Amino acid sequence: MGSVGAKEVPVLLTPDGRRIDGRTLDELRPIRIEAGALHQADGSAFVEWGANKVMAAVYGPREVHPRHLQQNNKAVIQCRYNMAAFSVDERKRPGLDRRSQEISKVIAEAFESVVFAEEYPRTSIDIYIEVLQANAGTRCAGLVAASVALADAGIPMVDLLPAVAVGKVGGAIALDLRKEEDNYGEADLPMALVPQSGRLVLLQMEGHMTEEELARSLDLGVQGCRTIYEKMKAALRERYAVGPPAGGAA
Amino acid sequence: MGSVGAKEVPVLLTPDGRRIDGRTLDELRPIRIEAGALHQADGSAFVEWGANKVMAAVYGPREVHPRHLQQNNKAVIQCRYNMAAFSVDERKRPGLDRRSQEISKVIAEAFESVVFAEEYPRTSIDIYIEVLQANAGTRCAGLVAASVALADAGIPMVDLLPAVAVGKVGGAIALDLRKEEDNYGEADLPMALVPQSGRLVLLQMEGHMTEEELARSLDLGVQGCRTIYEKMKAALRERYAVGPPAGGAA
Amino acid sequence: MGSVGAKEVPVLLTPDGRRIDGRTLDELRPIRIEAGALHQADGSAFVEWGANKVMAAVYGPREVHPRHLQQNNKAVIQCRYNMAAFSVDERKRPGLDRRSQEISKVIAEAFESVVFAEEYPRTSIDIYIEVLQANAGTRCAGLVAASVALADAGIPMVDLLPAVAVGKVGGAIALDLRKEEDNYGEADLPMALVPQSGRLVLLQMEGHMTEEELARSLDLGVQGCRTIYEKMKAALRERYAVGPPAGGAA
Amino acid sequence: MSGEVTAEILTTHILDLAAEGKRLDGRTPDEYRRITVEPGFVVSADGSALVRLGDTAVLAGIKLEPGKPFPDTPNAGVLSTNAELIPLSNPTFEPGPPQPGAIEVSRVVDRAIRAAETIDLTRLCVTPSEKCWTCFTDVHVLDHSGNLIDASLLAAVTALAHATVPAKRFGIAEADYPLEVQHFPIECTFVRLGDTIVVDPTFDEEQAAQGRLTVATDETGRIVAMQKGLVGAFSPDDVKEIVGRAFVHGERLRAFARGGSA
Amino acid sequence: MSGEVTAEILTTHILDLAAEGKRLDGRTPDEYRRITVEPGFVVSADGSALVRLGDTAVLAGIKLEPGKPFPDTPNAGVLSTNAELIPLSNPTFEPGPPQPGAIEVSRVVDRAIRAAETIDLTRLCVTPSEKCWTCFTDVHVLDHSGNLIDASLLAAVTALAHATVPAKRFGIAEADYPLEVQHFPIECTFVRLGDTIVVDPTFDEEQAAQGRLTVATDETGRIVAMQKGLVGAFSPDDVKEIVGRAFVHGERLRAFARGGSA
Amino acid sequence: MSGEVTAEILTTHILDLAAEGKRLDGRTPDEYRRITVEPGFVVSADGSALVRLGDTAVLAGIKLEPGKPFPDTPNAGVLSTNAELIPLSNPTFEPGPPQPGAIEVSRVVDRAIRAAETIDLTRLCVTPSEKCWTCFTDVHVLDHSGNLIDASLLAAVTALAHATVPAKRFGIAEADYPLEVQHFPIECTFVRLGDTIVVDPTFDEEQAAQGRLTVATDETGRIVAMQKGLVGAFSPDDVKEIVGRAFVHGERLRAFARGGSA
């Protein structure tokens with residue numbers, strides 16, 4: 001979001017509306033989703049999205065740890081979003097920083113909004129998201145991976161949760177920012193959609209936009225989510241077509 | 001307590017026995033006590049004492065956390081004395097340092113000596129003291145606030161616990177030290193009194209005094225506690241006269 | 001193990017096969033074992049071995065803390081190996097570092113291999129090892145002390161666990177390295193033996209040796225363990241001869 | 001157990017009222033509780049403000065200390081924002097490391113302050129690459145009766161607006177001088193109660209809520225931060241409506257941050 | 001409870017099979033699972049490798065940063081090895097501080113890398129006593145189906161062998177250059193199942209094991225590290241036999257670290 | 001449960017005895033247990049002492065390291081005192097972060113050492129504002145059979161009195177030299193058992209106690225620190241009586257700190 005005293009800003013938008021990597025304003029980066037990428041987890045998915053690589057695993061419903069979090073009338077949904085030390089340019093110290101804890105919270109709340117948690121009282125559904133390689137949009141990639149992992153684990157949900165970030169770059173509203181756009185752009189707006197109801201269960205914003213720009217961003221994001229939704233369903237279809245655990249993040 | 005290599009010492013005592021703020025040796029700083037200053041707590045009090053501002057809240061009797069501290073024959077009394085980061089000249093890192101933990105322990109033990117804990121087996125009575133602005137004597141101000149908060153919460157006690165520090169300043173024994181006196185004085189002796197029995201349930205000392213000076217200090221402190229006791233009772237009377245939560249630290 | 005850029009290496013081996021302290025290659029440092037050195041512990045032992053001073057205490061079988069570690073069919077064996085801040089040349093920060101945690105783990109596993117844990121289901125047997133003065137070989141000294149402490153506590157075991165380190169120093173295989181030998185030598189190989197079965201329950205190695213050197217090291221270590229075994233039994237005989245707690249690390 | 005039952009009954013009641021456009025404390029859906037703002041409450045701080053939002057009370061304190069600029073921003077000072085949800089303020093808070101709720105408040109407040117460029121960080125630079133001011137904003141929640149985010153940012157911005165740089169005390173300048181604030185971000189929080197969206201929720205309304213949305217705006221007409229929280233969902237149209245309402249309330253609350261008093 | 005019973009039946013079955021020299025997945029006692037090695041899996045790292053050992057998957061990433069040499073080794077860079085057994089990889093792992101198992105993996109991997117002098121640390125010195133490279137090796141276990149130590153060291157050494165020193169990015173040299181590895185330590189792990197000693201144990205075999213022994217060898221014929229783990233015992237003759245087998249397997253696995261691909 | 005009952009019976013018995021001026025171990029109310037002091041117990045420390053007070057055993061070790069003076073005391077070295085109540089020493093201690101009891105011992109010992117000006121801190125300054133000695137006193141409780149504070153301070157002061165500044169090892173001077181102690185604070189602890197106040201309580205007496213009071217005195221006749229602990233109360237007259245007794249015992253215990261041996 002344009003930090004003070006930062007070095008010279010690269011050209012983020014060409015006169016003919018092309019972005020730094022040649023995409024149009026409403027174009028997603030390439031995305032590849034693999035359901036069932038792990039063997040130990042009850043459900044898992046690996047997502048490669050632009051230069052992001054994110055693994056998600058789901059365990060549960062199972063016993064709640066720590067015990068005092070147990071709820072009598074529903075499953076507890078716990079999420080741990082974590083970045084590998086080597087996933088970013090400057091090495092990150094292992095462990096959850098405040099940013100990771102905040103993201104874990106909003107992702108857990110997003111899934112609590114769609115999982116039929118009351119079907120599994122006194123249990124825990126644990127979602128683990130590991131960012132292995134980061135290039136802007138990791139929380140959305142994590143949501144997409146976790147959503148497919150939940151489906152892979154057979155957890156009943158209202159719907160899958162496609163997610164994408166919209167941003168403001170060089171004055172224009174653009175879909176699915178990559179790292180340079182996120183670093184030097186004016187705003188970043190990640191969101192997650194329940195396709196069935198058309199409602200948002202995750203929404204954050206940082207930067208600055210006008211009311212009118214926000215309205216356009218929401219519409220662009222919803223449209224992006226619907227595209228990703230199709231890819232998520234395709235990944236799950238492929239998984240069930242293949243049968244037993246495929247195994248292969250690579 | 002006069003640290004090594006410290007800068008020049010201010011004049012702490014005038015030839016006519018007046019202190020840096022004009023008080024006599026046995027004079028307290030102004031003190032204002034407001035019972036019921038908070039809405040969420042079961043009992044609360046705000047104390048402004050000289051340039052100290054201290055808030056106390058009491059929760060309980062309630063379930064014990066962590067559970068393994070539960071006692072079968074009485075309530076556990078837990079205390080957390082904490083200083084806000086901005087309460088002192090040099091910013092304090094958030095969280096309990098060793099000093100705060102020691103003070104929490106001696107305050108908890110002081111209240112355990114007067115609360116009828118056996119009336120509430122298997123429960124916890126939790127005392128929280130927050131120092132918002134500090135100017136020497138915060139543990140005594142905290143004790144006074146917590147004591148009024150316990151009464152406000154309806155916890156049965158032998159008696160209220162007035163508290164005050166006595167010190168040695170410029171060679172003289174003086175009541176209720178302020179910051180400069182504490183920093184450059186020779187000794188500090190905080191105490192808390194059970195007025196009914198005339199016994200002390202908190203007593204600490206740091207610095208140096210003779211046996212004779214200590215004896216005089218104890219007498220002066222007991223006298224100061226009795227004055228504060230009256231103010232505590234007045235604050236509680238006012239609280240019950242008014243009725244429902246007053247609300248207003250300011 | 002010969003760190004990069006270290007200062008000049010002392011002469012570790014004379015032409016006639018004598019070591020820095022005059023010992024032969026297969027000679028142990030002096031060792032003194034005192035069973036029952038503490039009063040509070042259920043079992044204890046103090047070991048002075050060369051310039052090492054190590055205290056061990058055993059508590060249990062007793063309730064398991066934390067509770068969720070409890071096992072229905074056997075006792076849990078927990079070990080905490082700790083070094084005092086002043087036990088080494090450069091002051092060690094209090095608390096368990098990663099090395100101490102690893103050593104705690106392998107020592108616990110060694111004792112789990114010989115204690116009849118199934119006789120005490122749902123309990124914990126807690127082994128505490130405190131290194132008060134360190135001079136290479138502290139994990140072996142700790143094992144010896146803990147083993148005697150377990151016997152002193154009356155915990156039934158297959159056998160005592162003598163332990164010793166073998167190393168490679170100045171090209172030769174040598175028994176029971178002292179600090180200079182460990183710092184400038186080529187390899188260190190601590191082991192713990194079950195004398196009855198002739199099997200090893202602890203074995204670690206760091207440095208470099210050939211396959212043939214390793215074979216000789218194992219034989220030398222087993223021989224050293226058998227010598228120490230006799231001293232351990234003697235210490236326990238003395239303890240029971242004397243009767244009630246002796247008391248005296250010094 | 002009985003606590004859970006009570007909570008369920010209360011939730012049902014709140015939702016029933018909301019369906020009629022009513023609230024437990026008599027407010028309309030688009031009405032804030034009474035606000036008071038007291039700058040300078042703590043003299044040991046370089047700036048401070050006590051904010052009350054109905055029964056919610058939050059104290060923010062500022063401390064400035066000399067520090068070192070980050071290598072990638074050699075001409076800028078450093079901001080650090082921290083919110084403590086101390087157990088004094090609510091029966092549900094436990095002592096211990098900061099909980100996700102406290103971290104969320106810290107980060108949402110911090111994000112608004114940064115994105116709005118509340119402070120001109122270049123003015124906090126003393127010697128490029130070598131020395132700058134680090135500005136710590138500590139938010140201490142004293143009484144948690146709901147809507148901590150709005151109260152916390154209002155307290156933080158008011159404290160910043162009334163803060164002094166202790167340049168003399170640290171021997172960096174001849175005299176202390178005002179910190180100065182260049183923008184005034186304000187956060188307005190809404191929760192969904194069935195089909196009704198209410199502003200400035202109480203603690204009980206937050207428990208009953210089906211989604212929470214916070215929108216930060218500044219005095220230039222920009223949206224500078226947003227945060228959806230809690231379980232629940234908002235349609236894009238809900239979001240647009242909320243943003244409009246946030247601009248209106250933001251304007252009114254900003255006067256408190258500037259002027260201070262009620 | 002029923003989980004415990006299942007585990008006991010499985011253990012008995014594994015031990016019965018082992019008595020006949022058989023294994024649950026059809027391997028012989030001296031056979032590794034299928035190995036694949038993918039260097040460069042993570043481009044944000046200065047070096048990386050994804051290693052699969054049957055169903056076990058481990059990712060190692062290298063990061064180099066300028067730092068300060070230790071006072072007692074002024075001419076050497078600094079190595080730091082860390083293994084994270086993240087809860088994503090196995091149902092038995094809990095979030096929280098590193099458990100003893102993770103610490104053991106970290107330390108056994110670290111010990112082999114150091115004792116083998118895998119990296120010539122003097123080449124990581126920039127200015128003696130003042131500036132050097134700190135080389136962080138982070139091992140991220142993704143799928144824990146047994147034998148983490150062998151997979152972790154193989155991933156770490158492969159990542160080091162394919163790593164680049166980011167000298168240009170940090171303004172220390174005109175161009176980045178390869179890190180270079182001077183020795184290739186390989187760890188081979190064995191467990192005792194009754195009287196049979198099997199290599200490359202699965203997760204279930206580790207649960208059933210009566211002792212585990214890891215032997216690290218390098219390409220010059222040296223043993224560089226050993227670690228006995230788990231409850232159980234080995235005779236000196238067992239150890240000698242295992243060391244011999246470790247040299248044979250080590251030779252084969254080393255090819256993966258050098259070449260990278262399967 | 002039965003443990004609780006046993007403890008109650010023991011407490012009653014201790015109080016009954018105390019009412020007659022007797023104690024479980026045959027001592028009078030004003031009698032210490034047998035004291036032995038062994039300086040130099042640990043040669044890896046720069047100073048050390050093992051103190052036994054009956055069945056209580058405490059080991060103190062000193063380490064001096066070069067450091068930086070605090071900005072507000074540029075001409076003074078730094079003291080750091082830490083007491084570890086390790087779980088080896090008593091069945092009630094758990095591994096983990098320091099408990100309030102351990103923190104209290106650390107702080108009460110530290111307070112006496114500082115207030116008595118045991119060490120002339122200006123002698124620990126090497127270069128004003130730049131370099132000084134940091135003197136770490138670590139107290140390791142080995143056997144906790146009551147009265148840790150008295151044993152800990154006695155061990156700490158003895159260790160300081162016999163410590164050496166390792167100036168040669170750190171290249172700061174040609175030779176090491178004695179640390180030198182200028183005052184000898186001694187803490188004496190008393191507990192109330194009914195109307196009887198006894199000195200040097202055992203672990204069981206501490207459990208039965210109705211208040212504990214520690215008084216530190218030095219050889220110049222000054223009181224330098226006090227600490228009331230545990231549940232219970234003392235009248236001002238009790239305090240005055242205890243202070244008088246503390247001066248008498250202090251004189252005797254001080255001989256151990258100076259001379260070392262029993």
# chains A, B, ... in the order shown; residues from 1 in each chain; ligands from 1
>>> closest_atom_pairs(of="chain B", to="chain A", cutoff="12 Å", atoms="only C-alpha atoms", output="tab-separated table")
residue	atom	partner	partner_atom	distance
B:His65	CA	A:His68	CA	10.1
B:Pro66	CA	A:His68	CA	9.9
B:Arg67	CA	A:His68	CA	9.8
>>> closest_atom_pairs(of="chain A", to="chain D", cutoff="7 Å", atoms="only C-alpha atoms", output="CSV")
residue,atom,partner,partner_atom,distance
A:Val4,CA,D:Thr73,CA,6.1
A:Gly5,CA,D:Thr73,CA,5.0
A:Ala6,CA,D:Thr73,CA,6.1
A:Arg98,CA,D:Ile103,CA,6.4
A:Gln101,CA,D:Pro100,CA,6.4
A:Glu102,CA,D:Glu104,CA,5.6
A:Lys105,CA,D:Pro100,CA,6.6
A:Val106,CA,D:Gly229,CA,6.4
A:Glu109,CA,D:Val231,CA,5.0
A:Ala110,CA,D:Val231,CA,6.5
A:Glu112,CA,D:Val231,CA,6.0
A:Ser113,CA,D:Val231,CA,5.1
A:Gly198,CA,D:Ser235,CA,6.3
A:Arg199,CA,D:Ser235,CA,4.2
A:Leu200,CA,D:Phe234,CA,5.2
A:Val201,CA,D:Ala233,CA,4.6
A:Leu202,CA,D:Lys228,CA,6.0
A:Leu203,CA,D:Lys228,CA,5.1
A:Gln204,CA,D:Gln227,CA,4.5
A:Met205,CA,D:Met226,CA,4.5
A:Glu206,CA,D:Ala225,CA,4.6
A:Gly207,CA,D:Ala115,CA,5.1
A:His208,CA,D:Val224,CA,4.5
A:Met209,CA,D:Ile223,CA,5.4
A:Thr210,CA,D:Arg222,CA,5.1
A:Glu211,CA,D:Ile223,CA,6.9
A:Ala215,CA,D:Lys240,CA,6.5
A:Leu218,CA,D:Pro236,CA,6.3
>>> residues_around(residues="Ala108 of chain C", least_positions_apart="4", cutoff="8 Å", atoms="only C-alpha atoms", output="number ranges by chain")
C: 77-79, 104, 112
>>> write_last_selection(atoms="C-alpha atoms", output="short mmCIF file (atom, residue, chain, number, x, y, z; two decimals), in the first residue's frame")
data_model
loop_
_atom_site.label_atom_id
_atom_site.label_comp_id
_atom_site.auth_asym_id
_atom_site.auth_seq_id
_atom_site.Cartn_x
_atom_site.Cartn_y
_atom_site.Cartn_z
CA ILE C 77 8.32 -41.39 32.32
CA GLN C 78 9.21 -37.73 32.15
CA CYS C 79 12.72 -36.33 32.26
CA SER C 104 15.76 -34.90 28.15
CA GLU C 112 11.40 -46.18 29.48
#
>>> residues_around(residues="Gly17 of chain B", least_positions_apart="6", cutoff="12 Å", atoms="only C-alpha atoms", output="VMD selection string")
chain B and resid 11 23 to 27 169 to 174
>>> residues_around(residues="Pro201 of chain E", least_positions_apart="5", cutoff="9 Å", atoms="only C-alpha atoms", output="list in words")
Tyr32, Arg33, Ser145, Gly146, Asn147, Thr189, Phe190, Val191, Glu206 and Ala209 of chain E
>>> select_by_dssp(residues="segment 96-247 of chain F", states="alpha helix (DSSP H)", output="compact mmCIF listing (two decimals) with N, CA and C atoms, in the first residue's frame")
# COMPACT_ATOMS: atom_id res chain seq x y z
N PRO F 100 5.04 -17.46 41.03
CA PRO F 100 5.11 -16.31 41.92
C PRO F 100 6.05 -16.53 43.10
N GLY F 101 6.07 -17.74 43.64
CA GLY F 101 6.96 -18.02 44.77
C GLY F 101 8.42 -17.81 44.43
N ALA F 102 8.83 -18.28 43.25
CA ALA F 102 10.22 -18.13 42.83
C ALA F 102 10.53 -16.66 42.57
N ILE F 103 9.58 -15.97 41.98
CA ILE F 103 9.78 -14.55 41.69
C ILE F 103 9.92 -13.78 43.00
N GLU F 104 9.11 -14.12 44.01
CA GLU F 104 9.21 -13.42 45.29
C GLU F 104 10.60 -13.65 45.91
N VAL F 105 11.08 -14.88 45.91
CA VAL F 105 12.41 -15.13 46.46
C VAL F 105 13.45 -14.30 45.72
N SER F 106 13.41 -14.33 44.38
CA SER F 106 14.37 -13.56 43.58
C SER F 106 14.37 -12.09 43.99
N ARG F 107 13.16 -11.54 44.09
CA ARG F 107 13.05 -10.10 44.31
C ARG F 107 13.42 -9.70 45.74
N VAL F 108 13.07 -10.54 46.70
CA VAL F 108 13.39 -10.21 48.09
C VAL F 108 14.90 -10.31 48.31
N VAL F 109 15.53 -11.31 47.70
CA VAL F 109 16.98 -11.44 47.79
C VAL F 109 17.65 -10.26 47.09
N ASP F 110 17.17 -9.96 45.90
CA ASP F 110 17.73 -8.86 45.11
C ASP F 110 17.62 -7.53 45.85
N ARG F 111 16.47 -7.30 46.49
CA ARG F 111 16.22 -6.04 47.18
C ARG F 111 17.20 -5.85 48.33
N ALA F 112 17.46 -6.93 49.07
CA ALA F 112 18.40 -6.82 50.19
C ALA F 112 19.81 -6.53 49.67
N ILE F 113 20.20 -7.20 48.60
CA ILE F 113 21.55 -7.00 48.06
C ILE F 113 21.73 -5.56 47.59
N ARG F 114 20.72 -5.03 46.92
CA ARG F 114 20.80 -3.65 46.43
C ARG F 114 20.75 -2.63 47.55
N ALA F 115 19.73 -2.77 48.43
CA ALA F 115 19.52 -1.74 49.44
C ALA F 115 20.70 -1.67 50.38
N LEU F 148 13.41 -20.62 52.28
CA LEU F 148 14.28 -20.42 51.13
C LEU F 148 14.93 -19.06 51.11
N ILE F 149 14.21 -18.04 51.59
CA ILE F 149 14.74 -16.68 51.48
C ILE F 149 16.04 -16.54 52.26
N ASP F 150 16.04 -16.99 53.53
CA ASP F 150 17.26 -16.83 54.34
C ASP F 150 18.42 -17.61 53.71
N ALA F 151 18.14 -18.84 53.29
CA ALA F 151 19.20 -19.67 52.71
C ALA F 151 19.70 -19.05 51.41
N SER F 152 18.78 -18.50 50.61
CA SER F 152 19.17 -17.97 49.31
C SER F 152 20.04 -16.73 49.45
N LEU F 153 19.65 -15.80 50.34
CA LEU F 153 20.47 -14.60 50.48
C LEU F 153 21.82 -14.96 51.09
N LEU F 154 21.82 -15.87 52.05
CA LEU F 154 23.09 -16.27 52.66
C LEU F 154 24.02 -16.88 51.60
N ALA F 155 23.46 -17.72 50.72
CA ALA F 155 24.26 -18.31 49.66
C ALA F 155 24.74 -17.24 48.69
N ALA F 156 23.86 -16.31 48.34
CA ALA F 156 24.21 -15.27 47.37
C ALA F 156 25.32 -14.38 47.92
N VAL F 157 25.18 -13.92 49.17
CA VAL F 157 26.17 -13.01 49.74
C VAL F 157 27.51 -13.72 49.94
N THR F 158 27.45 -14.97 50.37
CA THR F 158 28.69 -15.74 50.51
C THR F 158 29.38 -15.89 49.16
N ALA F 159 28.60 -16.21 48.15
CA ALA F 159 29.18 -16.39 46.81
C ALA F 159 29.79 -15.08 46.31
N LEU F 160 29.10 -13.96 46.54
CA LEU F 160 29.64 -12.65 46.15
C LEU F 160 30.92 -12.36 46.91
N ALA F 161 30.92 -12.66 48.20
CA ALA F 161 32.08 -12.34 49.03
C ALA F 161 33.30 -13.14 48.61
N PHE F 203 9.48 -26.40 56.03
CA PHE F 203 8.43 -26.45 55.02
C PHE F 203 7.06 -26.67 55.66
N ASP F 204 6.97 -27.59 56.60
CA ASP F 204 5.68 -27.89 57.23
C ASP F 204 5.20 -26.71 58.07
N GLU F 205 6.12 -26.04 58.73
CA GLU F 205 5.73 -24.86 59.51
C GLU F 205 5.22 -23.74 58.59
N GLU F 206 5.82 -23.62 57.42
CA GLU F 206 5.33 -22.61 56.46
C GLU F 206 3.91 -22.93 56.02
N GLN F 207 3.61 -24.21 55.84
CA GLN F 207 2.25 -24.59 55.45
C GLN F 207 1.25 -24.26 56.56
N ALA F 208 1.69 -24.38 57.80
CA ALA F 208 0.80 -24.14 58.94
C ALA F 208 0.73 -22.67 59.33
N PRO F 236 1.85 -4.11 64.74
CA PRO F 236 3.09 -3.32 64.77
C PRO F 236 4.03 -3.79 65.88
N ASP F 237 3.47 -4.21 67.01
CA ASP F 237 4.34 -4.68 68.09
C ASP F 237 5.03 -5.99 67.72
N ASP F 238 4.30 -6.88 67.05
CA ASP F 238 4.94 -8.10 66.52
C ASP F 238 6.14 -7.73 65.65
N VAL F 239 5.90 -6.76 64.76
CA VAL F 239 6.95 -6.38 63.82
C VAL F 239 8.18 -5.88 64.57
N LYS F 240 7.93 -5.04 65.56
CA LYS F 240 9.05 -4.50 66.32
C LYS F 240 9.82 -5.61 67.02
N GLU F 241 9.11 -6.55 67.60
CA GLU F 241 9.77 -7.67 68.29
C GLU F 241 10.61 -8.48 67.28
N ILE F 242 10.01 -8.74 66.11
CA ILE F 242 10.71 -9.55 65.09
C ILE F 242 11.98 -8.85 64.63
N VAL F 243 11.89 -7.54 64.45
CA VAL F 243 13.07 -6.79 64.00
C VAL F 243 14.20 -6.94 65.02
N GLY F 244 13.87 -6.87 66.28
CA GLY F 244 14.88 -7.03 67.32
C GLY F 244 15.55 -8.40 67.23
N ARG F 245 14.72 -9.43 67.07
CA ARG F 245 15.27 -10.79 66.98
C ARG F 245 16.10 -10.94 65.71
N ALA F 246 15.68 -10.27 64.64
CA ALA F 246 16.40 -10.40 63.36
C ALA F 246 17.81 -9.83 63.47
N PHE F 247 17.97 -8.76 64.25
CA PHE F 247 19.32 -8.19 64.42
C PHE F 247 20.25 -9.20 65.10
>>> select_by_dssp(residues="segment 142-176 of chain C", states="strand (DSSP E)", output="list in words")
Ala163, Val164, Ala165, Val166, Gly167, Lys168, Val169, Ala172, Ile173, Ala174 and Leu175 of chain C
>>> write_last_selection(atoms="all heavy atoms", output="mmCIF file, in the first residue's frame")
data_model
loop_
_atom_site.group_PDB
_atom_site.id
_atom_site.type_symbol
_atom_site.label_atom_id
_atom_site.label_comp_id
_atom_site.auth_asym_id
_atom_site.auth_seq_id
_atom_site.Cartn_x
_atom_site.Cartn_y
_atom_site.Cartn_z
ATOM 1 N N ALA C 163 26.501 -45.445 31.996
ATOM 2 C CA ALA C 163 26.661 -44.708 30.746
ATOM 3 C C ALA C 163 28.038 -44.084 30.693
ATOM 4 O O ALA C 163 28.622 -43.746 31.734
ATOM 5 C CB ALA C 163 25.602 -43.612 30.647
ATOM 6 N N VAL C 164 28.549 -43.922 29.501
ATOM 7 C CA VAL C 164 29.839 -43.263 29.330
ATOM 8 C C VAL C 164 29.951 -42.802 27.880
ATOM 9 O O VAL C 164 29.265 -43.332 27.001
ATOM 10 C CB VAL C 164 31.008 -44.221 29.677
ATOM 11 C CG1 VAL C 164 31.247 -45.262 28.575
ATOM 12 C CG2 VAL C 164 32.301 -43.447 29.941
ATOM 13 N N ALA C 165 30.808 -41.815 27.636
ATOM 14 C CA ALA C 165 31.069 -41.398 26.259
ATOM 15 C C ALA C 165 32.449 -41.879 25.835
ATOM 16 O O ALA C 165 33.399 -41.853 26.618
ATOM 17 C CB ALA C 165 30.984 -39.885 26.134
ATOM 18 N N VAL C 166 32.522 -42.324 24.584
ATOM 19 C CA VAL C 166 33.811 -42.644 23.969
ATOM 20 C C VAL C 166 34.039 -41.574 22.913
ATOM 21 O O VAL C 166 33.070 -41.014 22.375
ATOM 22 C CB VAL C 166 33.768 -44.050 23.329
ATOM 23 C CG1 VAL C 166 35.068 -44.362 22.595
ATOM 24 C CG2 VAL C 166 33.469 -45.090 24.389
ATOM 25 N N GLY C 167 35.290 -41.286 22.605
ATOM 26 C CA GLY C 167 35.518 -40.265 21.594
ATOM 27 C C GLY C 167 36.757 -40.574 20.779
ATOM 28 O O GLY C 167 37.456 -41.552 21.015
ATOM 29 N N LYS C 168 36.950 -39.737 19.792
ATOM 30 C CA LYS C 168 38.166 -39.849 18.987
ATOM 31 C C LYS C 168 38.966 -38.566 19.228
ATOM 32 O O LYS C 168 38.441 -37.461 19.053
ATOM 33 C CB LYS C 168 37.800 -39.990 17.515
ATOM 34 C CG LYS C 168 38.999 -40.272 16.609
ATOM 35 C CD LYS C 168 38.535 -40.553 15.197
ATOM 36 C CE LYS C 168 39.688 -40.512 14.213
ATOM 37 N NZ LYS C 168 39.208 -40.578 12.813
ATOM 38 N N VAL C 169 40.193 -38.748 19.661
ATOM 39 C CA VAL C 169 41.011 -37.628 20.102
ATOM 40 C C VAL C 169 42.404 -37.786 19.530
ATOM 41 O O VAL C 169 43.067 -38.793 19.788
ATOM 42 C CB VAL C 169 41.083 -37.611 21.646
ATOM 43 C CG1 VAL C 169 42.044 -36.541 22.117
ATOM 44 C CG2 VAL C 169 39.708 -37.379 22.238
ATOM 45 N N ALA C 172 43.075 -41.097 18.029
ATOM 46 C CA ALA C 172 42.908 -42.334 18.797
ATOM 47 C C ALA C 172 41.515 -42.410 19.421
ATOM 48 O O ALA C 172 40.896 -41.393 19.710
ATOM 49 C CB ALA C 172 43.967 -42.399 19.888
ATOM 50 N N ILE C 173 41.045 -43.624 19.637
ATOM 51 C CA ILE C 173 39.770 -43.842 20.322
ATOM 52 C C ILE C 173 40.038 -43.839 21.825
ATOM 53 O O ILE C 173 40.909 -44.563 22.310
ATOM 54 C CB ILE C 173 39.163 -45.197 19.883
ATOM 55 C CG1 ILE C 173 38.943 -45.222 18.361
ATOM 56 C CG2 ILE C 173 37.866 -45.465 20.623
ATOM 57 C CD1 ILE C 173 38.086 -44.099 17.821
ATOM 58 N N ALA C 174 39.301 -42.974 22.554
ATOM 59 C CA ALA C 174 39.586 -42.786 23.978
ATOM 60 C C ALA C 174 38.299 -42.815 24.777
ATOM 61 O O ALA C 174 37.243 -42.366 24.313
ATOM 62 C CB ALA C 174 40.307 -41.455 24.198
ATOM 63 N N LEU C 175 38.407 -43.303 26.001
ATOM 64 C CA LEU C 175 37.242 -43.435 26.872
ATOM 65 C C LEU C 175 37.056 -42.166 27.690
ATOM 66 O O LEU C 175 38.028 -41.587 28.184
ATOM 67 C CB LEU C 175 37.476 -44.637 27.816
ATOM 68 C CG LEU C 175 36.325 -45.066 28.733
ATOM 69 C CD1 LEU C 175 35.138 -45.563 27.920
ATOM 70 C CD2 LEU C 175 36.792 -46.167 29.697
#
